[in-house]
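Beneath this line is the structure, given in structure tokens, with notes to follow.
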Amino acid sequence: MNKKILEMISSFLSCAIPTTTMTITKTATKTATKATAKAATKNKVDIDAKKNSLLLKSAVDKKRREISSDNISMSIGEILNLYRDDELDIHPEFQRVFRWLPEQKSRLIESLLLGIPLPPIYVATNDGGQWEVIDGVQRLSTIFEFMGELFGPKEKSDELEKKASFKLSATKHLPELDKMLFSSLDQALRLEFKRTRLDVKVLSRDSLGNNKGKFDLFERLNTYGQPLSPQELRNCVLVSLNPERFRWLKKLSEDQNFRNCTLLSDSQMQERYDMDLALRFLTLREPKAINVVVDVHDFLRERMEEIALDESYDQEAAATTFHEVFEFLEKSVGSDAFRSWSADKGFRGGFSLGGYEGIAIIIGRHWTKVRRKKSSFDVKKFIETVWSQPEYNKSFSGLRARERMLRVMPVAERVINEFLKVGSSSAPANSLAVKKAPSVVKKK
């Protein structure tokens with residue numbers, strides 16, 4: 001019995017051992033194959049990463065060679081002499097863009113008197129050999145104005161005049177500066193001030209390629225002093241590309257009908273939001289803006305640059321449309337043009353950008369047709385119908401500019417097409433029905 005059992009066990013082991021060995025061998029082979037494949041993948045990733053790293057290094061080296069600059073240390077007196085000899089251009093129009101307060105100007109002068117280092121001044125050589133200031137206009141304008149040497153535009157004119165030196169205000173470290181003029185400083189202090197050195201980075205003429213590249217850099221460098229609004233940055237670019245077109249856009253934004261309709265606050269006006277809205281009207285009403293807009297600010301900047309450099313741009317036709325549209329709106333609804341509306345409360349609140357985009361820009365886009373029917377085109381009914389749509393009843397807060405425009409402008413397009421199709425003397429289609437606001441008895 002025991003012998004038979006032993007034979008069975010022996011037979012079993014003789015069969016099982018080779019099978020187990022084969023299983024182990026196969027497993028080991030699979031493991032080795034996976035390891036090899038993994039190593040190959042890792043090797044490929046390493047090679048790709050090294051290749052990408054080399055490509056990046058090559059691109060960085062190339063750009064560094066392209067954007068070359070000379071670093072120069074110059075005294076304020078030397079820089080002032082360049083300005084006097086018309087070898088340094090700080091763009092007088094820029095002085096209307098920047099809005100440093102007296103306290104900020106005083107802090108800058110305090111820093112110079114105390115020898116506190118300032119960020120470099122960036123300049124680029126233009127075709128006439130002048131140095132154009134790309135970054136540092138605010139600082140140099142403040143220095144020259146304090147010294148009584150600054151030429152700038154008159155308050156309501158493009159003519160230049162010499163600006164009077166301003167009085168300093170007391171600062172944290174030098175309260176004695178209060179009401180001090182440059183001319184009243186001790187002579188030794190005046191000489192030390194003129195000898196104070198500033199770092200100047202001079203970009204080579206080929207560094208930036210063109211005006212557009214030059215002011216891409218300006219936009220990137222503008223991190224010191226008073227932060228600029230998006231339109232103030234655009235204005236700096238526009239001034240440099242085409243000063244005449246800058247003045248034209250500024251004049252458009254001063255249209256009284258436009259201002260009566262928008263009712264912007266003083267702070268909004270200081271940040272040139274009026275010019276921002278005028279630029280939006282000119283560019284976003286264009287048919288190509290419907291599909292082109294990805295980032296609204298990028299689109300406004302790029303289209304503005306195109307307009308600035310386009311000699312064939314019909315400036316007169318654009319201005320005529322602008323003036324006619326806002327005259328029409330002002331006479332029809334006045335300051336209610338871009339306020340929100342509801343059937344329960346009527347017009348309320350302040351200026352609404354969503355309302356502006358759906359009303360001013362869309363009417364501007366269809367102005368040729370609207371003008372032919374303007375005697376019968378009921379603007380108030382059109383505005384109320386736009387605000388009655390579900391997309392307008394939702395809050396705009398938290399929406400990015402592109403998201404808001406994609407929501408409201410197609411709705412306004414649909415509404416105006418219905419009004420133009422059926423005639424505003426008839427009721428619009430049922431889908432665009434508007435509830436009547438409760439009548440309000442005005443107090444005498």
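Residue numbering restarts at 1 in every chain; chains get A, B, ... in the order shown in the structure tokens, and ligands count up from 1 in that same order.
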
Would you mind writing down, as a PyMOL selection string, each residue of segment 259-422 of chain A that DSSP on the backbone assigns to strand (DSSP E or B)?
chain A and resi 340-342+346-348

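Near segment 390-401 of chain A, within 7 Å and counting only C-alpha atoms, sit Val296, Arg407 and Val408 of chain A; same-chain residues fewer than 5 positions away were not included.
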
Just the selected residues (N, CA and C atoms), exported as a PDB file, in the first residue's frame, please.
ATOM      1  N   VAL A 296     -11.376  89.203 -25.847  1.00  0.00           N
ATOM      2  CA  VAL A 296     -11.860  90.511 -26.297  1.00  0.00           C
ATOM      3  C   VAL A 296     -10.763  91.556 -26.252  1.00  0.00           C
ATOM      4  N   ARG A 407     -23.191  85.353 -25.181  1.00  0.00           N
ATOM      5  CA  ARG A 407     -24.547  85.173 -24.696  1.00  0.00           C
ATOM      6  C   ARG A 407     -25.481  86.267 -25.235  1.00  0.00           C
ATOM      7  N   VAL A 408     -25.045  87.536 -25.149  1.00  0.00           N
ATOM      8  CA  VAL A 408     -25.983  88.633 -25.402  1.00  0.00           C
ATOM      9  C   VAL A 408     -26.043  89.119 -26.847  1.00  0.00           C
TER      10      VAL A 408
END

Within 7 Å of Arg402 of chain A, counting only C-alpha atoms, which residues qualify if same-chain residues fewer than 3 places away don't, as a PyMOL selection string?
chain A and resi 294-296+405-406

Once you count only C-alpha atoms, what closest atom pair and distance in Å to one decimal does each residue of segment 227-272 of chain A within 12 Å of segment 355-359 of chain A have, with rows by chain and rising residue number, as a Markdown table?
| residue | atom | partner | partner_atom | distance |
| --- | --- | --- | --- | --- |
| A:Phe258 | CA | A:Tyr356 | CA | 11.3 |
| A:Cys261 | CA | A:Tyr356 | CA | 9.7 |
| A:Thr262 | CA | A:Tyr356 | CA | 8.5 |
| A:Leu263 | CA | A:Tyr356 | CA | 12.0 |
